[in-house]
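**Q** Dumping the structure here so I can ask a few things about it.
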Amino acid sequence: MSDLVTGDAVVLGLRPARLPSRALAIFLDLLVYLTGYLIISIGLTLATASLDPAAQAAVSVASFLLVLVGVPIAVETLSHGRSLGKLACGLRVVRDDGGPIRFRHALVRGAMGVVELLGTFGAIACIASLISARGRRLGDVFAGALVVRERVPGARVMPVPPPPPWLAGRFSGLDLSAVPEGLWLAIRQYLTRINQLDPQVGAAMAVRLADDLVARTGAPAPAGVPAAAFLMAVVHERQSRDAARAFGPVAAPAYAPQAVRPSTPQAAAPAPAPGPAPAPAPVQGALPAPAMPPRPATGFAPPA
């Protein structure tokens with residue numbers, strides 16, 4: 001079982017799940033869903049005993065689609081790819097770029113699962129998973145998703161480094177809807193392995209990825225901002241938007257300085273007498289303010 005590798009020869013720190021663990025997770029999920037379906041079916045049979053056979057058949061089909069198709073889609077969407085079976089087996093469904101799945105990914109996987117898992121008793125899913133290099137079934141391929149292992153001994157997912165504090169919130173109005181998932185994948189994996197690349201090669205990759213990102217967003221290249229810092233800030237902005245959609249708006253970034261309040265109330269100091277403001281006294285040992293690098297007319301600033 002090897003790591004995923006992108007087209008830029010950057011290793012992705014996620015390990016795909018294979019057929020045995022996926023089959024066990026699906027078996028546990030189906031056991032739970034079928035148990036719930038049987039209980040609901042018995043209740044509906046007793047409740048619709050006075051209806052005609054056509055109405056009973058319609059209710060039965062609706063309950064089947066709701067419990068065995070709708071509930072798995074809702075569970076994967078709300079849990080971000082962790083159903084009960086996957087939680088027990090240490091698996092998770094993620095996008096191709098490693099991010100959390102959304103409703104459309106769960107919908108495609110659930111719709112294809114009716115044919116792969118229920119219609120053919122898992123035969124098509126098993127064949128597709130054995131043929132695929134990443135162990136994906138057809139629903140994963142069409143949804144652009146991947147089932148990965150979360151609990152891997154000795155494995156660690158490399159996080160994306162945070163952007164510089166002076167770029168916080170600068171790209172909040174950037175339109176990211178036209179950026180494809182493949183470009184996000186390349187940017188994310190470049191940033192997670194930025195310290196392992198040769199400085200010159202890494203700088204060239206950063207400029208190329210930043211130019212592609214600027215072309216997709218339609219916004220001009222920010223002057224005076226290094227390409228790597230620009231990529232970090234935009235990826236952090238996208239992660240913040242995903243977190244806001246999933247868990248609600250975030251009050252402030254984690255790295256933003258917070259104001260410190262005194263633990264005990266103090267008496268208010270008397271207001272100073274009106275007059276000209278005194279000049280600030282020089283601080284002993286203070287460092288001079290760093291000079292900002294000259295901003296080029298177009299493009300990104302060269303790496304330091």
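Ligands are numbered from 1 in the order shown, residues from 1 within each chain, and chains are lettered A, B, ... in the order they appear in the structure tokens.
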What's the 8 Å shell around range 107-112 of chain A, counting only C-alpha atoms, without same-chain residues fewer than 3 positions away, as a count of residues only?

**A** 13

**Q** Please identify all polymer residues within 9 Å of Leu78 in chain A, counting only C-alpha atoms, omitting same-chain residues fewer than 3 positions from it, and present them as a list in words.

**A**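 Neighbouring residues, sequence-local ones excluded: Ile73, Ala74, Val75, Gly81, Arg82, Arg102, Phe103 and Ala246 of chain A.
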
**Q** Store the residues of this selection in a file with N, CA and C atoms, as a PDB file, in the first residue's frame.

**A**
```
ATOM      1  N   ILE A  73     -26.869   8.816   2.119  1.00  0.00           N
ATOM      2  CA  ILE A  73     -26.411  10.076   1.536  1.00  0.00           C
ATOM      3  C   ILE A  73     -26.384  11.172   2.592  1.00  0.00           C
ATOM      4  N   ALA A  74     -27.432  11.247   3.409  1.00  0.00           N
ATOM      5  CA  ALA A  74     -27.483  12.263   4.456  1.00  0.00           C
ATOM      6  C   ALA A  74     -26.389  12.041   5.502  1.00  0.00           C
ATOM      7  N   VAL A  75     -26.127  10.782   5.867  1.00  0.00           N
ATOM      8  CA  VAL A  75     -25.101  10.488   6.871  1.00  0.00           C
ATOM      9  C   VAL A  75     -23.718  10.884   6.367  1.00  0.00           C
ATOM     10  N   GLY A  81     -18.207  12.224   5.267  1.00  0.00           N
ATOM     11  CA  GLY A  81     -17.613  11.002   4.745  1.00  0.00           C
ATOM     12  C   GLY A  81     -17.353   9.921   5.758  1.00  0.00           C
ATOM     13  N   ARG A  82     -17.942  10.007   6.951  1.00  0.00           N
ATOM     14  CA  ARG A  82     -17.692   8.989   7.969  1.00  0.00           C
ATOM     15  C   ARG A  82     -19.016   8.384   8.422  1.00  0.00           C
ATOM     16  N   ARG A 102     -18.868  16.860  -0.213  1.00  0.00           N
ATOM     17  CA  ARG A 102     -20.081  17.647  -0.085  1.00  0.00           C
ATOM     18  C   ARG A 102     -21.277  16.801  -0.530  1.00  0.00           C
ATOM     19  N   PHE A 103     -22.430  17.459  -0.597  1.00  0.00           N
ATOM     20  CA  PHE A 103     -23.661  16.726  -0.904  1.00  0.00           C
ATOM     21  C   PHE A 103     -23.599  16.085  -2.279  1.00  0.00           C
ATOM     22  N   ALA A 246     -19.669  24.294   6.753  1.00  0.00           N
ATOM     23  CA  ALA A 246     -19.937  23.070   7.502  1.00  0.00           C
ATOM     24  C   ALA A 246     -20.286  23.331   8.963  1.00  0.00           C
TER      25      ALA A 246
END
```

**Q** For Gly113 in chain A, which of A:Pro199, A:Ala125, A:Gln56, A:Trp184 is the closest residue, counting only C-alpha atoms?

**A**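 For Gly113 in chain A, the nearest of the candidates is A:Ala125.
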
**Q** Between A:Ile26, A:Val214, A:Pro163, A:Tyr37, single out the one closest to Val71 in chain A, counting only C-alpha atoms.

**A**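 Closest candidate: A:Tyr37.
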
**Q** Can you tell me, as a ChimeraX atom specification, which residues in range 36-229 of chain A count as helix (DSSP H, G or I) by DSSP?

**A** /A:36-47,53-78,84-89,103-119,123-131,138-143,165-167,181-192,194-196,199-217,227-229

**Q** Which polymer residues have any atom within 6 Å of an atom of Arg216 in chain A, counting only C-alpha atoms, with same-chain residues fewer than 3 positions away left out, as a PyMOL selection string?

**A** chain A and resi 178-179+213

**Q** Can you tell me, as a PyMOL selection string, what residues are no more than 12 Å from Ile127 in chain A when counting only C-alpha atoms, ignoring any on the same chain fewer than 6 positions away?

**A** chain A and resi 19+116-117+120-121+133+135-138

**Q** Looking at only C-alpha atoms, which of A:Leu68, A:Leu91, A:Val160, A:Val234 is the one that sits closest to Leu38 in chain A?

**A**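 Closest residue, counting only C-alpha atoms: A:Leu68.
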
**Q** Could you check how far CA of Gly173 in chain A sits from CA of Gly224 in chain A, in Å to one decimal?

**A**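 About the pair CA of Gly173 in chain A and CA of Gly224 in chain A: they are 18.8 Å apart.
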
**Q** So, counting only C-alpha atoms, which residue among A:Ala17, A:Pro220, A:Ser60, A:Leu31 is closest to Leu46 in chain A?

**A**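 Of A:Ala17, A:Pro220, A:Ser60, A:Leu31, the one nearest Leu46 in chain A is A:Ser60, counting only C-alpha atoms.
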
**Q** Which one is closest to Ala215 in chain A: A:Leu176, A:Gly98, A:Ser41, A:Leu197? Count only C-alpha atoms.

**A** A:Leu176

**Q** Give me, please, the distance in Å between CA of Gly90 in chain A and CA of Arg149 in chain A, quoted to one decimal.

**A**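 Interatomic distance here is 5.9 Å.
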
**Q** Fewer than 2 positions away in the same chain doesn't count, so skip those; otherwise give me all residues within 10 Å of Ala228 in chain A, counting only C-alpha atoms, as a CSV table (one decimal) with N, CA, C and O atoms, in the first residue's frame.

**A**
```csv
chain,number,residue,atom,x,y,z
A,163,PRO,N,-0.7,31.0,6.1
A,163,PRO,CA,-0.1,32.1,5.3
A,163,PRO,C,0.4,33.1,6.3
A,163,PRO,O,0.2,33.1,7.5
A,187,ILE,N,-1.9,22.4,-5.9
A,187,ILE,CA,-1.5,23.4,-4.9
A,187,ILE,C,-1.3,22.9,-3.5
A,187,ILE,O,-0.3,23.2,-2.8
A,190,TYR,N,1.8,20.7,-3.3
A,190,TYR,CA,3.0,21.5,-3.3
A,190,TYR,C,3.3,22.1,-2.0
A,190,TYR,O,4.4,22.1,-1.5
A,191,LEU,N,2.2,22.7,-1.4
A,191,LEU,CA,2.4,23.4,-0.1
A,191,LEU,C,2.8,22.4,1.0
A,191,LEU,O,3.6,22.8,1.9
A,194,ILE,N,6.6,21.7,0.5
A,194,ILE,CA,7.4,22.8,0.0
A,194,ILE,C,8.8,22.8,0.6
A,194,ILE,O,9.8,23.2,0.0
A,202,GLY,N,11.2,24.7,-6.4
A,202,GLY,CA,10.0,25.0,-5.6
A,202,GLY,C,9.5,26.4,-6.0
A,202,GLY,O,8.3,26.6,-6.1
A,203,ALA,N,10.4,27.4,-6.2
A,203,ALA,CA,10.0,28.7,-6.6
A,203,ALA,C,9.4,28.7,-8.0
A,203,ALA,O,8.4,29.4,-8.2
A,204,ALA,N,9.9,28.0,-8.9
A,204,ALA,CA,9.3,27.9,-10.2
A,204,ALA,C,8.0,27.3,-10.2
A,204,ALA,O,7.0,27.7,-10.9
A,205,MET,N,7.8,26.2,-9.4
A,205,MET,CA,6.5,25.6,-9.3
A,205,MET,C,5.5,26.5,-8.7
A,205,MET,O,4.3,26.6,-9.1
A,206,ALA,N,5.9,27.3,-7.7
A,206,ALA,CA,5.0,28.2,-7.0
A,206,ALA,C,4.5,29.3,-8.0
A,206,ALA,O,3.3,29.6,-8.0
A,207,VAL,N,5.4,29.8,-8.8
A,207,VAL,CA,5.0,30.9,-9.8
A,207,VAL,C,4.1,30.3,-10.8
A,207,VAL,O,3.1,30.9,-11.2
A,209,LEU,N,2.0,27.6,-10.5
A,209,LEU,CA,0.7,27.4,-9.9
A,209,LEU,C,0.0,28.6,-9.6
A,209,LEU,O,-1.3,28.7,-9.7
A,210,ALA,N,0.7,29.7,-9.1
A,210,ALA,CA,0.0,30.9,-8.8
A,210,ALA,C,-0.5,31.6,-10.1
A,210,ALA,O,-1.6,32.2,-10.1
A,225,VAL,N,3.6,40.3,-3.5
A,225,VAL,CA,3.3,39.1,-2.7
A,225,VAL,C,4.0,37.9,-3.3
A,225,VAL,O,3.8,37.6,-4.5
A,226,PRO,N,4.8,37.2,-2.6
A,226,PRO,CA,5.5,36.0,-3.1
A,226,PRO,C,4.5,35.0,-3.6
A,226,PRO,O,3.4,34.9,-3.0
A,230,PHE,N,1.1,33.7,-1.6
A,230,PHE,CA,-0.2,33.8,-2.2
A,230,PHE,C,-1.0,32.5,-2.3
A,230,PHE,O,-2.2,32.5,-2.0
A,231,LEU,N,-0.3,31.4,-2.6
A,231,LEU,CA,-1.0,30.1,-2.6
A,231,LEU,C,-1.5,29.7,-1.2
A,231,LEU,O,-2.6,29.2,-1.0
A,232,MET,N,-0.6,30.0,-0.2
A,232,MET,CA,-1.0,29.7,1.2
A,232,MET,C,-2.3,30.4,1.6
A,232,MET,O,-3.2,29.9,2.2
A,233,ALA,N,-2.3,31.7,1.2
A,233,ALA,CA,-3.4,32.6,1.6
A,233,ALA,C,-4.7,32.1,1.0
A,233,ALA,O,-5.8,32.1,1.6
A,300,PHE,N,4.3,38.0,-9.8
A,300,PHE,CA,4.5,37.8,-8.4
A,300,PHE,C,6.0,38.2,-8.0
A,300,PHE,O,6.9,38.2,-8.9
A,301,ALA,N,6.2,38.5,-6.8
A,301,ALA,CA,7.5,38.9,-6.3
A,301,ALA,C,8.4,37.7,-6.3
A,301,ALA,O,7.9,36.6,-6.0
A,302,PRO,N,9.7,37.8,-6.6
A,302,PRO,CA,10.6,36.7,-6.6
A,302,PRO,C,10.8,36.2,-5.2
A,302,PRO,O,10.6,37.0,-4.2
A,303,PRO,N,11.1,34.9,-5.0
A,303,PRO,CA,11.3,34.4,-3.6
A,303,PRO,C,12.5,35.0,-3.0
A,303,PRO,O,13.5,35.4,-3.6
```

**Q** Among range 76-221 of chain A, which residues does DSSP mark as strand (DSSP E) when it is run on the backbone? Keep the chain and numbering as in the structure and answer as a list in words.

**A**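 Put together, the selection reads Leu91, Arg92, Val93, Val94, Arg95, Ala145, Leu146, Val147, Val148 and Arg149 of chain A.
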
**Q** Those residues with N, CA and C atoms, as a short mmCIF file (atom, residue, chain, number, x, y, z; two decimals), in the first residue's frame please?

**A**
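Final file, part32.cif:
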```cif
data_model
loop_
_atom_site.label_atom_id
_atom_site.label_comp_id
_atom_site.auth_asym_id
_atom_site.auth_seq_id
_atom_site.Cartn_x
_atom_site.Cartn_y
_atom_site.Cartn_z
N LEU A 91 -12.06 4.55 8.40
CA LEU A 91 -12.05 5.03 7.02
C LEU A 91 -12.80 6.34 6.91
N ARG A 92 -12.57 7.03 5.82
CA ARG A 92 -13.27 8.28 5.53
C ARG A 92 -13.31 8.50 4.04
N VAL A 93 -14.40 9.07 3.56
CA VAL A 93 -14.52 9.45 2.15
C VAL A 93 -14.08 10.90 2.01
N VAL A 94 -13.13 11.16 1.12
CA VAL A 94 -12.63 12.50 0.88
C VAL A 94 -12.66 12.79 -0.62
N ARG A 95 -12.48 14.05 -0.97
CA ARG A 95 -12.34 14.42 -2.38
C ARG A 95 -10.97 14.00 -2.89
N ALA A 145 -14.24 11.14 -5.72
CA ALA A 145 -13.97 10.92 -4.30
C ALA A 145 -13.03 9.74 -4.14
N LEU A 146 -12.61 9.55 -2.90
CA LEU A 146 -11.67 8.48 -2.57
C LEU A 146 -11.88 8.10 -1.12
N VAL A 147 -11.88 6.80 -0.84
CA VAL A 147 -11.99 6.30 0.53
C VAL A 147 -10.57 6.06 1.04
N VAL A 148 -10.20 6.71 2.14
CA VAL A 148 -8.85 6.64 2.67
C VAL A 148 -8.88 6.09 4.08
N ARG A 149 -7.74 5.66 4.53
CA ARG A 149 -7.58 5.17 5.90
C ARG A 149 -7.13 6.31 6.78
#
```
